[in-house]
file final.cif (mmCIF, C-alpha atoms; chains and numbers go by the auth columns)
data_entry
loop_
_atom_site.group_PDB
_atom_site.id
_atom_site.type_symbol
_atom_site.label_atom_id
_atom_site.label_comp_id
_atom_site.label_asym_id
_atom_site.label_seq_id
_atom_site.Cartn_x
_atom_site.Cartn_y
_atom_site.Cartn_z
_atom_site.B_iso_or_equiv
_atom_site.auth_seq_id
_atom_site.auth_asym_id
ATOM 1 C CA MET A 1 19.850 30.706 -8.092 0.00 1 A
ATOM 2 C CA GLU A 2 22.693 28.222 -7.848 0.00 2 A
ATOM 3 C CA ARG A 3 22.711 25.654 -10.654 0.00 3 A
ATOM 4 C CA ILE A 4 24.790 22.711 -11.767 0.00 4 A
ATOM 5 C CA PRO A 5 26.264 23.413 -15.214 0.00 5 A
ATOM 6 C CA ILE A 6 25.274 21.141 -18.096 0.00 6 A
ATOM 7 C CA LEU A 7 27.722 20.902 -21.005 0.00 7 A
ATOM 8 C CA SER A 8 26.615 19.870 -24.458 0.00 8 A
ATOM 9 C CA MET A 9 29.057 17.772 -26.479 0.00 9 A
ATOM 10 C CA GLY A 10 27.796 16.288 -29.740 0.00 10 A
ATOM 11 C CA GLU A 11 24.975 13.949 -28.876 0.00 11 A
ATOM 12 C CA PHE A 12 25.835 13.971 -25.184 0.00 12 A
ATOM 13 C CA LEU A 13 25.040 16.167 -22.243 0.00 13 A
ATOM 14 C CA LEU A 14 27.697 16.159 -19.546 0.00 14 A
ATOM 15 C CA VAL A 15 27.091 16.971 -15.905 0.00 15 A
ATOM 16 C CA THR A 16 29.732 16.943 -13.201 0.00 16 A
ATOM 17 C CA ILE A 17 28.519 17.057 -9.635 0.00 17 A
ATOM 18 C CA GLN A 18 31.483 18.248 -7.615 0.00 18 A
ATOM 19 C CA VAL A 19 30.023 19.566 -4.425 0.00 19 A
ATOM 20 C CA ASP A 20 27.737 18.238 -1.744 0.00 20 A
ATOM 21 C CA MET A 21 24.307 18.962 -3.095 0.00 21 A
ATOM 22 C CA HIS A 22 21.343 20.660 -1.579 0.00 22 A
ATOM 23 C CA ASP A 23 18.150 18.605 -2.206 0.00 23 A
ATOM 24 C CA ARG A 24 16.607 21.408 -4.208 0.00 24 A
ATOM 25 C CA LEU A 25 19.670 21.655 -6.436 0.00 25 A
ATOM 26 C CA ALA A 26 19.094 18.033 -7.482 0.00 26 A
ATOM 27 C CA THR A 27 15.488 18.797 -8.324 0.00 27 A
ATOM 28 C CA VAL A 28 16.530 21.832 -10.368 0.00 28 A
ATOM 29 C CA LEU A 29 19.108 19.699 -12.193 0.00 29 A
ATOM 30 C CA LYS A 30 16.379 17.287 -13.233 0.00 30 A
ATOM 31 C CA ASP A 31 14.253 20.110 -14.680 0.00 31 A
ATOM 32 C CA ASP A 32 17.264 21.685 -16.397 0.00 32 A
ATOM 33 C CA LEU A 33 18.233 18.358 -17.973 0.00 33 A
ATOM 34 C CA ALA A 34 14.713 17.838 -19.299 0.00 34 A
ATOM 35 C CA ASN A 35 14.882 21.239 -20.981 0.00 35 A
ATOM 36 C CA ARG A 36 18.355 20.680 -22.403 0.00 36 A
ATOM 37 C CA ILE A 37 17.504 17.228 -23.792 0.00 37 A
ATOM 38 C CA SER A 38 14.506 18.769 -25.487 0.00 38 A
ATOM 39 C CA GLU A 39 16.532 21.716 -26.892 0.00 39 A
ATOM 40 C CA THR A 40 19.556 19.741 -28.079 0.00 40 A
ATOM 41 C CA GLY A 41 18.026 16.387 -28.970 0.00 41 A
ATOM 42 C CA ALA A 42 20.813 14.757 -26.972 0.00 42 A
ATOM 43 C CA ARG A 43 20.803 10.963 -26.986 0.00 43 A
ATOM 44 C CA GLY A 44 22.968 10.504 -23.943 0.00 44 A
ATOM 45 C CA VAL A 45 23.348 12.046 -20.478 0.00 45 A
ATOM 46 C CA LEU A 46 26.526 11.455 -18.502 0.00 46 A
ATOM 47 C CA ILE A 47 26.517 12.358 -14.833 0.00 47 A
ATOM 48 C CA ASP A 48 29.916 12.320 -13.157 0.00 48 A
ATOM 49 C CA ILE A 49 29.645 11.789 -9.400 0.00 49 A
ATOM 50 C CA SER A 50 33.312 10.986 -8.756 0.00 50 A
ATOM 51 C CA GLY A 51 33.594 14.096 -6.575 0.00 51 A
ATOM 52 C CA LEU A 52 30.898 12.962 -4.141 0.00 52 A
ATOM 53 C CA ASP A 53 31.727 11.231 -0.861 0.00 53 A
ATOM 54 C CA VAL A 54 28.052 10.733 -0.072 0.00 54 A
ATOM 55 C CA VAL A 55 25.027 9.691 -2.112 0.00 55 A
ATOM 56 C CA ASP A 56 22.043 9.260 0.169 0.00 56 A
ATOM 57 C CA SER A 57 18.730 7.609 -0.691 0.00 57 A
ATOM 58 C CA PHE A 58 17.204 10.933 -1.731 0.00 58 A
ATOM 59 C CA LEU A 59 19.929 11.657 -4.274 0.00 59 A
ATOM 60 C CA ALA A 60 19.932 8.034 -5.450 0.00 60 A
ATOM 61 C CA ARG A 61 16.202 8.274 -6.049 0.00 61 A
ATOM 62 C CA MET A 62 16.610 11.594 -7.862 0.00 62 A
ATOM 63 C CA LEU A 63 19.337 10.168 -10.127 0.00 63 A
ATOM 64 C CA GLY A 64 17.095 7.196 -10.935 0.00 64 A
ATOM 65 C CA SER A 65 14.281 9.575 -11.686 0.00 65 A
ATOM 66 C CA ILE A 66 16.523 11.642 -13.996 0.00 66 A
ATOM 67 C CA ALA A 67 17.460 8.465 -15.898 0.00 67 A
ATOM 68 C CA GLN A 68 13.820 7.492 -16.212 0.00 68 A
ATOM 69 C CA MET A 69 12.837 10.934 -17.443 0.00 69 A
ATOM 70 C CA ALA A 70 15.695 10.972 -19.975 0.00 70 A
ATOM 71 C CA ARG A 71 14.613 7.532 -21.214 0.00 71 A
ATOM 72 C CA VAL A 72 11.138 8.837 -21.939 0.00 72 A
ATOM 73 C CA MET A 73 12.819 11.613 -23.953 0.00 73 A
ATOM 74 C CA ASP A 74 14.821 9.028 -25.924 0.00 74 A
ATOM 75 C CA ALA A 75 18.111 9.616 -24.138 0.00 75 A
ATOM 76 C CA GLU A 76 20.185 7.130 -22.156 0.00 76 A
ATOM 77 C CA THR A 77 21.770 8.105 -18.854 0.00 77 A
ATOM 78 C CA ALA A 78 25.008 6.790 -17.414 0.00 78 A
ATOM 79 C CA LEU A 79 26.151 7.540 -13.899 0.00 79 A
ATOM 80 C CA VAL A 80 29.918 7.597 -13.931 0.00 80 A
ATOM 81 C CA GLY A 81 32.756 7.528 -11.436 0.00 81 A
ATOM 82 C CA MET A 82 30.940 6.432 -8.297 0.00 82 A
ATOM 83 C CA GLN A 83 33.497 6.098 -5.505 0.00 83 A
ATOM 84 C CA PRO A 84 33.892 2.553 -4.134 0.00 84 A
ATOM 85 C CA SER A 85 32.914 3.707 -0.636 0.00 85 A
ATOM 86 C CA VAL A 86 29.692 5.190 -2.009 0.00 86 A
ATOM 87 C CA ALA A 87 28.900 1.988 -3.925 0.00 87 A
ATOM 88 C CA ILE A 88 29.514 -0.174 -0.843 0.00 88 A
ATOM 89 C CA THR A 89 27.395 2.108 1.340 0.00 89 A
ATOM 90 C CA LEU A 90 24.469 2.165 -1.103 0.00 90 A
ATOM 91 C CA VAL A 91 24.478 -1.621 -1.353 0.00 91 A
ATOM 92 C CA GLU A 92 24.724 -2.036 2.411 0.00 92 A
ATOM 93 C CA MET A 93 21.859 0.384 2.928 0.00 93 A
ATOM 94 C CA GLY A 94 19.755 -1.556 0.466 0.00 94 A
ATOM 95 C CA VAL A 95 19.418 1.136 -2.192 0.00 95 A
ATOM 96 C CA VAL A 96 18.692 -0.447 -5.556 0.00 96 A
ATOM 97 C CA MET A 97 19.566 1.700 -8.554 0.00 97 A
ATOM 98 C CA SER A 98 18.088 -0.528 -11.213 0.00 98 A
ATOM 99 C CA ARG A 99 16.870 2.274 -13.444 0.00 99 A
ATOM 100 C CA VAL A 100 20.250 3.842 -14.025 0.00 100 A
ATOM 101 C CA ARG A 101 23.277 2.477 -15.867 0.00 101 A
ATOM 102 C CA THR A 102 26.673 2.995 -14.335 0.00 102 A
ATOM 103 C CA ALA A 103 30.193 3.183 -15.717 0.00 103 A
ATOM 104 C CA LEU A 104 33.604 3.604 -14.144 0.00 104 A
ATOM 105 C CA ASN A 105 34.457 6.813 -16.029 0.00 105 A
ATOM 106 C CA MET A 106 33.196 9.252 -18.680 0.00 106 A
ATOM 107 C CA GLU A 107 34.858 7.376 -21.539 0.00 107 A
ATOM 108 C CA LYS A 108 33.280 4.057 -20.575 0.00 108 A
ATOM 109 C CA GLY A 109 29.983 5.822 -19.984 0.00 109 A
ATOM 110 C CA MET A 110 30.022 7.218 -23.519 0.00 110 A
ATOM 111 C CA ALA A 111 30.917 3.796 -24.925 0.00 111 A
ATOM 112 C CA LEU A 112 28.037 2.265 -22.972 0.00 112 A
ATOM 113 C CA ILE A 113 25.541 4.770 -24.323 0.00 113 A
ATOM 114 C CA ARG A 114 26.846 4.454 -27.911 0.00 114 A
ATOM 115 C CA LEU A 115 26.532 0.684 -27.652 0.00 115 A
ATOM 116 C CA ARG A 116 22.982 1.029 -26.428 0.00 116 A
ATOM 117 C CA MET A 117 22.169 3.405 -29.296 0.00 117 A
ATOM 118 C CA ALA A 118 23.727 1.006 -31.815 0.00 118 A
ATOM 119 C CA GLU A 119 21.668 -1.866 -30.402 0.00 119 A
ATOM 120 C CA GLU A 120 18.535 0.170 -30.859 0.00 120 A
ATOM 121 C CA GLY A 121 19.578 0.926 -34.430 0.00 121 A
ATOM 122 C CA THR A 122 19.912 -2.811 -35.114 0.00 122 A
ATOM 123 C CA ASP A 123 16.476 -3.474 -33.669 0.00 123 A
ATOM 124 C CA GLU A 124 14.966 -1.237 -36.322 0.00 124 A
ATOM 125 C CA GLY A 125 17.093 -3.019 -38.931 0.00 125 A
ATOM 126 C CA PRO A 126 14.660 -4.780 -41.298 0.00 126 A
ATOM 127 C CA GLU A 127 12.900 -1.649 -42.503 0.00 127 A
ATOM 128 C CA GLN A 128 16.111 0.238 -43.262 0.00 128 A
ATOM 129 C CA MET B 1 34.346 6.513 27.710 0.00 1 B
ATOM 130 C CA ARG B 2 35.154 10.190 27.410 0.00 2 B
ATOM 131 C CA VAL B 3 33.322 12.818 25.373 0.00 3 B
ATOM 132 C CA LEU B 4 35.951 14.897 23.570 0.00 4 B
ATOM 133 C CA SER B 5 33.681 17.454 21.967 0.00 5 B
ATOM 134 C CA SER B 6 30.007 18.182 21.767 0.00 6 B
ATOM 135 C CA GLU B 7 28.138 20.381 19.294 0.00 7 B
ATOM 136 C CA ILE B 8 24.480 21.013 18.525 0.00 8 B
ATOM 137 C CA LEU B 9 23.253 21.880 15.053 0.00 9 B
ATOM 138 C CA PRO B 10 19.785 22.899 13.937 0.00 10 B
ATOM 139 C CA VAL B 11 17.949 20.641 11.485 0.00 11 B
ATOM 140 C CA ARG B 12 15.205 23.030 10.475 0.00 12 B
ATOM 141 C CA GLN B 13 15.464 23.378 6.718 0.00 13 B
ATOM 142 C CA GLU B 14 16.876 21.551 3.733 0.00 14 B
ATOM 143 C CA SER B 15 20.041 23.628 3.666 0.00 15 B
ATOM 144 C CA ASP B 16 20.792 22.509 7.249 0.00 16 B
ATOM 145 C CA LEU B 17 21.403 19.007 5.888 0.00 17 B
ATOM 146 C CA VAL B 18 24.376 20.359 3.943 0.00 18 B
ATOM 147 C CA SER B 19 25.747 22.002 7.121 0.00 19 B
ATOM 148 C CA VAL B 20 25.148 18.801 9.097 0.00 20 B
ATOM 149 C CA ARG B 21 27.048 16.738 6.527 0.00 21 B
ATOM 150 C CA GLN B 22 29.833 19.326 6.426 0.00 22 B
ATOM 151 C CA LEU B 23 30.374 19.284 10.183 0.00 23 B
ATOM 152 C CA VAL B 24 30.119 15.472 10.356 0.00 24 B
ATOM 153 C CA ARG B 25 32.675 15.279 7.518 0.00 25 B
ATOM 154 C CA GLU B 26 35.103 17.535 9.400 0.00 26 B
ATOM 155 C CA ARG B 27 34.758 15.723 12.730 0.00 27 B
ATOM 156 C CA ALA B 28 34.969 12.253 11.165 0.00 28 B
ATOM 157 C CA LYS B 29 38.116 13.223 9.275 0.00 29 B
ATOM 158 C CA GLY B 30 39.544 14.713 12.460 0.00 30 B
ATOM 159 C CA LEU B 31 39.002 11.414 14.262 0.00 31 B
ATOM 160 C CA GLY B 32 40.876 9.605 11.524 0.00 32 B
ATOM 161 C CA PHE B 33 37.968 7.709 9.961 0.00 33 B
ATOM 162 C CA GLY B 34 38.802 5.970 6.684 0.00 34 B
ATOM 163 C CA ILE B 35 36.927 6.831 3.511 0.00 35 B
ATOM 164 C CA LEU B 36 34.408 3.990 3.867 0.00 36 B
ATOM 165 C CA ASP B 37 33.451 4.837 7.446 0.00 37 B
ATOM 166 C CA LEU B 38 33.372 8.503 6.489 0.00 38 B
ATOM 167 C CA THR B 39 30.881 7.777 3.711 0.00 39 B
ATOM 168 C CA LYS B 40 28.809 5.608 6.044 0.00 40 B
ATOM 169 C CA VAL B 41 28.493 8.261 8.775 0.00 41 B
ATOM 170 C CA LEU B 42 27.771 10.960 6.175 0.00 42 B
ATOM 171 C CA THR B 43 25.061 8.861 4.585 0.00 43 B
ATOM 172 C CA SER B 44 23.527 7.998 7.939 0.00 44 B
ATOM 173 C CA ALA B 45 23.604 11.672 9.007 0.00 45 B
ATOM 174 C CA SER B 46 21.862 12.613 5.798 0.00 46 B
ATOM 175 C CA GLU B 47 19.160 9.954 6.118 0.00 47 B
ATOM 176 C CA LEU B 48 18.419 10.648 9.774 0.00 48 B
ATOM 177 C CA GLY B 49 18.559 14.417 9.306 0.00 49 B
ATOM 178 C CA ARG B 50 16.078 14.182 6.477 0.00 50 B
ATOM 179 C CA ASN B 51 13.779 12.051 8.639 0.00 51 B
ATOM 180 C CA THR B 52 13.889 14.752 11.319 0.00 52 B
ATOM 181 C CA LEU B 53 12.939 17.359 8.735 0.00 53 B
ATOM 182 C CA LEU B 54 10.237 15.416 6.912 0.00 54 B
ATOM 183 C CA HIS B 55 8.523 13.633 9.778 0.00 55 B
ATOM 184 C CA ALA B 56 8.838 16.142 12.584 0.00 56 B
ATOM 185 C CA GLY B 57 9.253 19.437 10.750 0.00 57 B
ATOM 186 C CA GLY B 58 12.721 19.827 12.222 0.00 58 B
ATOM 187 C CA GLY B 59 14.797 19.288 15.309 0.00 59 B
ATOM 188 C CA THR B 60 18.453 19.190 16.281 0.00 60 B
ATOM 189 C CA MET B 61 21.541 17.054 15.872 0.00 61 B
ATOM 190 C CA LEU B 62 23.910 16.568 18.781 0.00 62 B
ATOM 191 C CA LEU B 63 27.322 15.632 17.415 0.00 63 B
ATOM 192 C CA GLU B 64 29.890 14.218 19.819 0.00 64 B
ATOM 193 C CA THR B 65 33.390 12.892 19.419 0.00 65 B
ATOM 194 C CA LEU B 66 34.230 10.071 21.832 0.00 66 B
ATOM 195 C CA GLU B 67 37.240 8.230 23.129 0.00 67 B
ATOM 196 C CA ASP B 68 37.731 5.082 25.157 0.00 68 B
ATOM 197 C CA GLU B 69 40.841 3.005 25.903 0.00 69 B
ATOM 198 C CA MET B 70 40.897 1.375 22.504 0.00 70 B
ATOM 199 C CA ARG B 71 39.367 3.688 19.950 0.00 71 B
ATOM 200 C CA ARG B 72 37.683 6.920 19.045 0.00 72 B
ATOM 201 C CA GLY B 73 34.119 7.377 17.916 0.00 73 B
ATOM 202 C CA LEU B 74 31.537 9.718 16.493 0.00 74 B
ATOM 203 C CA ARG B 75 28.055 9.849 17.971 0.00 75 B
ATOM 204 C CA MET B 76 25.114 11.619 16.348 0.00 76 B
ATOM 205 C CA SER B 77 21.772 12.144 18.084 0.00 77 B
ATOM 206 C CA PHE B 78 18.871 13.439 16.041 0.00 78 B
ATOM 207 C CA GLU B 79 16.128 14.728 18.272 0.00 79 B
ATOM 208 C CA ASP B 80 12.752 16.217 17.520 0.00 80 B
ATOM 209 C CA GLN B 81 9.519 17.165 19.240 0.00 81 B
ATOM 210 C CA GLY B 82 7.420 15.740 16.417 0.00 82 B
ATOM 211 C CA PRO B 83 4.532 13.273 16.471 0.00 83 B
ATOM 212 C CA GLY B 84 6.705 10.295 17.447 0.00 84 B
ATOM 213 C CA ILE B 85 6.580 6.855 15.835 0.00 85 B
ATOM 214 C CA GLU B 86 3.596 4.649 16.593 0.00 86 B
ATOM 215 C CA ASP B 87 5.045 1.363 15.405 0.00 87 B
ATOM 216 C CA VAL B 88 8.843 1.356 15.616 0.00 88 B
ATOM 217 C CA SER B 89 9.325 -2.125 14.173 0.00 89 B
ATOM 218 C CA LEU B 90 7.189 -1.176 11.171 0.00 90 B
ATOM 219 C CA ALA B 91 9.193 2.053 10.748 0.00 91 B
ATOM 220 C CA MET B 92 12.374 -0.033 10.869 0.00 92 B
ATOM 221 C CA THR B 93 11.200 -2.263 8.013 0.00 93 B
ATOM 222 C CA ASP B 94 13.098 -1.918 4.738 0.00 94 B
ATOM 223 C CA GLY B 95 10.965 -0.092 2.205 0.00 95 B
ATOM 224 C CA TYR B 96 8.352 1.189 4.646 0.00 96 B
ATOM 225 C CA THR B 97 7.777 4.871 3.932 0.00 97 B
ATOM 226 C CA THR B 98 5.162 7.484 4.656 0.00 98 B
ATOM 227 C CA ASN B 99 6.662 10.203 2.460 0.00 99 B
ATOM 228 C CA GLY B 100 7.326 8.562 -0.901 0.00 100 B
ATOM 229 C CA GLY B 101 11.013 7.965 -0.170 0.00 101 B
ATOM 230 C CA MET B 102 12.804 4.640 -0.380 0.00 102 B
ATOM 231 C CA GLY B 103 12.006 3.747 3.223 0.00 103 B
ATOM 232 C CA LEU B 104 15.630 2.953 4.034 0.00 104 B
ATOM 233 C CA GLY B 105 16.610 5.808 6.344 0.00 105 B
ATOM 234 C CA LEU B 106 16.246 4.024 9.689 0.00 106 B
ATOM 235 C CA SER B 107 16.925 0.446 8.629 0.00 107 B
ATOM 236 C CA GLY B 108 19.813 1.523 6.401 0.00 108 B
ATOM 237 C CA SER B 109 21.401 3.614 9.160 0.00 109 B
ATOM 238 C CA LYS B 110 21.163 0.682 11.526 0.00 110 B
ATOM 239 C CA ARG B 111 23.096 -1.458 9.058 0.00 111 B
ATOM 240 C CA LEU B 112 25.699 1.215 8.333 0.00 112 B
ATOM 241 C CA MET B 113 26.511 2.197 11.901 0.00 113 B
ATOM 242 C CA HIS B 114 28.090 0.220 14.741 0.00 114 B
ATOM 243 C CA GLU B 115 25.493 1.297 17.287 0.00 115 B
ATOM 244 C CA PHE B 116 21.902 2.336 16.749 0.00 116 B
ATOM 245 C CA GLU B 117 19.307 3.368 19.301 0.00 117 B
ATOM 246 C CA ILE B 118 15.852 4.818 18.921 0.00 118 B
ATOM 247 C CA SER B 119 13.547 6.193 21.568 0.00 119 B
ATOM 248 C CA THR B 120 10.180 7.590 20.654 0.00 120 B
ATOM 249 C CA ARG B 121 6.795 8.278 22.165 0.00 121 B
ATOM 250 C CA VAL B 122 3.587 9.087 20.310 0.00 122 B
ATOM 251 C CA GLY B 123 3.108 12.818 20.709 0.00 123 B
ATOM 252 C CA GLY B 124 6.427 13.086 22.536 0.00 124 B
ATOM 253 C CA GLY B 125 9.024 13.253 19.809 0.00 125 B
ATOM 254 C CA THR B 126 11.785 10.958 18.636 0.00 126 B
ATOM 255 C CA ARG B 127 15.488 10.564 19.282 0.00 127 B
ATOM 256 C CA VAL B 128 17.712 8.426 17.108 0.00 128 B
ATOM 257 C CA THR B 129 21.327 7.948 18.229 0.00 129 B
ATOM 258 C CA VAL B 130 23.979 6.290 16.096 0.00 130 B
ATOM 259 C CA THR B 131 27.664 5.743 16.812 0.00 131 B
ATOM 260 C CA GLN B 132 30.588 4.740 14.636 0.00 132 B
ATOM 261 C CA TRP B 133 33.973 3.708 16.073 0.00 133 B
ATOM 262 C CA THR B 134 37.350 3.934 14.400 0.00 134 B
#
call {"tool": "encode", "arguments": {"input": "final.cif", "output": "structure tokens"}}
result
Amino acid sequence: MERIPILSMGEFLLVTIQVDMHDRLATVLKDDLANRISETGARGVLIDISGLDVVDSFLARMLGSIAQMARVMDAETALVGMQPSVAITLVEMGVVMSRVRTALNMEKGMALIRLRMAEEGTDEGPEQ
Amino acid sequence: MRVLSSEILPVRQESDLVSVRQLVRERAKGLGFGILDLTKVLTSASELGRNTLLHAGGGTMLLETLEDEMRRGLRMSFEDQGPGIEDVSLAMTDGYTTNGGMGLGLSGSKRLMHEFEISTRVGGGTRVTVTQWT
């Protein structure tokens, strides 16, 4: 079956969605990511959607659901590279992606996740 | 107004949504749509196509390219023989859903597209037609 590749890099998992996606492919990606987070202990998931000229409400919901699932597994998700036309369209449609962090590119996405991890480290400060 | 081309695509299974988006992408590019309008028609096609699949178990999309004195346009008609919509204004409400989705397919498409028309009858199917002009 067709699958979207997931690359492991240090504490991050990297996913690049380059082609228009079948609904089921998005569902499979979610399952695959859950398994990979569990296997690798990754703390961050970066999903690059710069190659997509359409993100409909189904995919938006699925991406939010991936972020929520990753959060439960102690990993932060950043959605990176959303095209301006996609961002405008989502907002105009009324799609709210409150559960998922976004960044302009992979580098900024990694910085965002590292910052978040550092903040969490500080929260646990007194005992350490 | 003149119809330049007219094509019918099946919307019977999930994978048809990919074909629908692909054809809409090609025609919209051919008409000279900019990236924002391209994304809007693709998103609307995806939302309405999914509605056809989920609520009626499938149907068809009629895709037409149009031309008048001033501009060119793309018209998409999603038609099914499903159960129809009992309360159209309720179905058009942001966030109203009967399938666990976001409930933005119809209302969102109406906002994204220049023209939006829905005709439905309980037990007699539904047709949603949207048009975007260059």
call {"tool": "closest_atom_pairs", "arguments": {"input": "final.cif", "of": "chain B", "to": "chain A", "cutoff": "12 Å", "atoms": "all atoms listed in the file", "output": "JSON lines"}}
result
{"residue": "B:Gln13", "atom": "CA", "partner": "A:Asp23", "partner_atom": "CA", "distance": 10.5}
{"residue": "B:Glu14", "atom": "CA", "partner": "A:Asp23", "partner_atom": "CA", "distance": 6.8}
{"residue": "B:Ser15", "atom": "CA", "partner": "A:His22", "partner_atom": "CA", "distance": 6.2}
{"residue": "B:Asp16", "atom": "CA", "partner": "A:His22", "partner_atom": "CA", "distance": 9.0}
{"residue": "B:Leu17", "atom": "CA", "partner": "A:His22", "partner_atom": "CA", "distance": 7.6}
{"residue": "B:Val18", "atom": "CA", "partner": "A:His22", "partner_atom": "CA", "distance": 6.3}
{"residue": "B:Ser19", "atom": "CA", "partner": "A:Asp20", "partner_atom": "CA", "distance": 9.8}
{"residue": "B:Val20", "atom": "CA", "partner": "A:Asp20", "partner_atom": "CA", "distance": 11.2}
{"residue": "B:Arg21", "atom": "CA", "partner": "A:Asp20", "partner_atom": "CA", "distance": 8.4}
{"residue": "B:Gln22", "atom": "CA", "partner": "A:Asp20", "partner_atom": "CA", "distance": 8.5}
{"residue": "B:Val24", "atom": "CA", "partner": "A:Val54", "partner_atom": "CA", "distance": 11.6}
{"residue": "B:Arg25", "atom": "CA", "partner": "A:Asp53", "partner_atom": "CA", "distance": 9.4}
{"residue": "B:Gly34", "atom": "CA", "partner": "A:Ser85", "partner_atom": "CA", "distance": 9.7}
{"residue": "B:Ile35", "atom": "CA", "partner": "A:Ser85", "partner_atom": "CA", "distance": 6.6}
{"residue": "B:Leu36", "atom": "CA", "partner": "A:Ser85", "partner_atom": "CA", "distance": 4.8}
{"residue": "B:Asp37", "atom": "CA", "partner": "A:Ser85", "partner_atom": "CA", "distance": 8.2}
{"residue": "B:Leu38", "atom": "CA", "partner": "A:Asp53", "partner_atom": "CA", "distance": 8.0}
{"residue": "B:Thr39", "atom": "CA", "partner": "A:Val54", "partner_atom": "CA", "distance": 5.6}
{"residue": "B:Lys40", "atom": "CA", "partner": "A:Thr89", "partner_atom": "CA", "distance": 6.0}
{"residue": "B:Val41", "atom": "CA", "partner": "A:Val54", "partner_atom": "CA", "distance": 9.2}
{"residue": "B:Leu42", "atom": "CA", "partner": "A:Val54", "partner_atom": "CA", "distance": 6.3}
{"residue": "B:Thr43", "atom": "CA", "partner": "A:Asp56", "partner_atom": "CA", "distance": 5.4}
{"residue": "B:Ser44", "atom": "CA", "partner": "A:Asp56", "partner_atom": "CA", "distance": 8.0}
{"residue": "B:Ala45", "atom": "CA", "partner": "A:Asp56", "partner_atom": "CA", "distance": 9.3}
{"residue": "B:Ser46", "atom": "CA", "partner": "A:Asp56", "partner_atom": "CA", "distance": 6.6}
{"residue": "B:Glu47", "atom": "CA", "partner": "A:Asp56", "partner_atom": "CA", "distance": 6.6}
{"residue": "B:Leu48", "atom": "CA", "partner": "A:Asp56", "partner_atom": "CA", "distance": 10.4}
{"residue": "B:Gly49", "atom": "CA", "partner": "A:Asp56", "partner_atom": "CA", "distance": 11.1}
{"residue": "B:Arg50", "atom": "CA", "partner": "A:Phe58", "partner_atom": "CA", "distance": 8.9}
{"residue": "B:Asn51", "atom": "CA", "partner": "A:Phe58", "partner_atom": "CA", "distance": 11.0}
{"residue": "B:Leu54", "atom": "CA", "partner": "A:Phe58", "partner_atom": "CA", "distance": 12.0}
{"residue": "B:Thr93", "atom": "CA", "partner": "A:Gly94", "partner_atom": "CA", "distance": 11.4}
{"residue": "B:Asp94", "atom": "CA", "partner": "A:Gly94", "partner_atom": "CA", "distance": 7.9}
{"residue": "B:Gly95", "atom": "CA", "partner": "A:Gly94", "partner_atom": "CA", "distance": 9.1}
{"residue": "B:Asn99", "atom": "CA", "partner": "A:Phe58", "partner_atom": "CA", "distance": 11.4}
{"residue": "B:Gly100", "atom": "CA", "partner": "A:Phe58", "partner_atom": "CA", "distance": 10.2}
{"residue": "B:Gly101", "atom": "CA", "partner": "A:Phe58", "partner_atom": "CA", "distance": 7.0}
{"residue": "B:Met102", "atom": "CA", "partner": "A:Ser57", "partner_atom": "CA", "distance": 6.6}
{"residue": "B:Gly103", "atom": "CA", "partner": "A:Ser57", "partner_atom": "CA", "distance": 8.7}
{"residue": "B:Leu104", "atom": "CA", "partner": "A:Met93", "partner_atom": "CA", "distance": 6.8}
{"residue": "B:Gly105", "atom": "CA", "partner": "A:Ser57", "partner_atom": "CA", "distance": 7.6}
{"residue": "B:Leu106", "atom": "CA", "partner": "A:Met93", "partner_atom": "CA", "distance": 9.5}
{"residue": "B:Ser107", "atom": "CA", "partner": "A:Met93", "partner_atom": "CA", "distance": 7.5}
{"residue": "B:Gly108", "atom": "CA", "partner": "A:Met93", "partner_atom": "CA", "distance": 4.2}
{"residue": "B:Ser109", "atom": "CA", "partner": "A:Met93", "partner_atom": "CA", "distance": 7.0}
{"residue": "B:Lys110", "atom": "CA", "partner": "A:Met93", "partner_atom": "CA", "distance": 8.6}
{"residue": "B:Arg111", "atom": "CA", "partner": "A:Met93", "partner_atom": "CA", "distance": 6.5}
{"residue": "B:Leu112", "atom": "CA", "partner": "A:Met93", "partner_atom": "CA", "distance": 6.7}
{"residue": "B:Met113", "atom": "CA", "partner": "A:Met93", "partner_atom": "CA", "distance": 10.3}
call {"tool": "resolve_selection", "arguments": {"input": "final.cif", "expression": "the PyMOL selection byres ((chain B and resi 77) around 9)", "output": "ChimeraX atom specification"}}
result
/B:60-64,75-76,78-79,127-131
call {"tool": "atom_distance", "arguments": {"input": "final.cif", "atom1": "CA of Glu86 in chain B", "atom2": "CA of His114 in chain B"}}
result
25.0 Å
call {"tool": "atom_distance", "arguments": {"input": "final.cif", "atom1": "CA of Asp87 in chain B", "atom2": "CA of Arg12 in chain B"}}
result
24.4 Å
call {"tool": "residues_around", "arguments": {"input": "final.cif", "residues": "range 36-38 of chain A", "least_positions_apart": "5", "cutoff": "12 Å", "atoms": "only C-alpha atoms", "output": "list in words"}}
result
Pro5, Ile6, Leu7, Ser8, Met9, Gly10, Glu11, Phe12, Leu13, Leu14, Val15, Leu29, Lys30, Asp31, Arg43, Gly44, Val45, Leu46, Ile66, Ala67, Met69, Ala70, Arg71, Val72, Met73, Asp74, Ala75, Glu76 and Thr77 of chain A
call {"tool": "closest_residue", "arguments": {"input": "final.cif", "among": "B:Pro10, B:Gly123, B:Gly84, B:Gly32", "to": "Gly58 in chain B", "atoms": "only C-alpha atoms"}}
result
B:Pro10
call {"tool": "residues_around", "arguments": {"input": "final.cif", "residues": "Met110 in chain A", "least_positions_apart": "3", "cutoff": "8 Å", "atoms": "all atoms listed in the file", "output": "number ranges by chain"}}
result
A: 44, 46, 78, 106-107, 113-114
call {"tool": "atom_distance", "arguments": {"input": "final.cif", "atom1": "CA of Gly125 in chain B", "atom2": "CA of Tyr96 in chain B"}}
result
19.4 Å
call {"tool": "axis_aligned_box", "arguments": {"input": "final.cif", "around": "range 101-108 of chain B", "padding_each_side": "6 Å", "output": "AutoDock Vina command-line options"}}
result
--center_x 15.4 --center_y 4.2 --center_z 4.7 --size_x 20.8 --size_y 19.5 --size_z 22.1
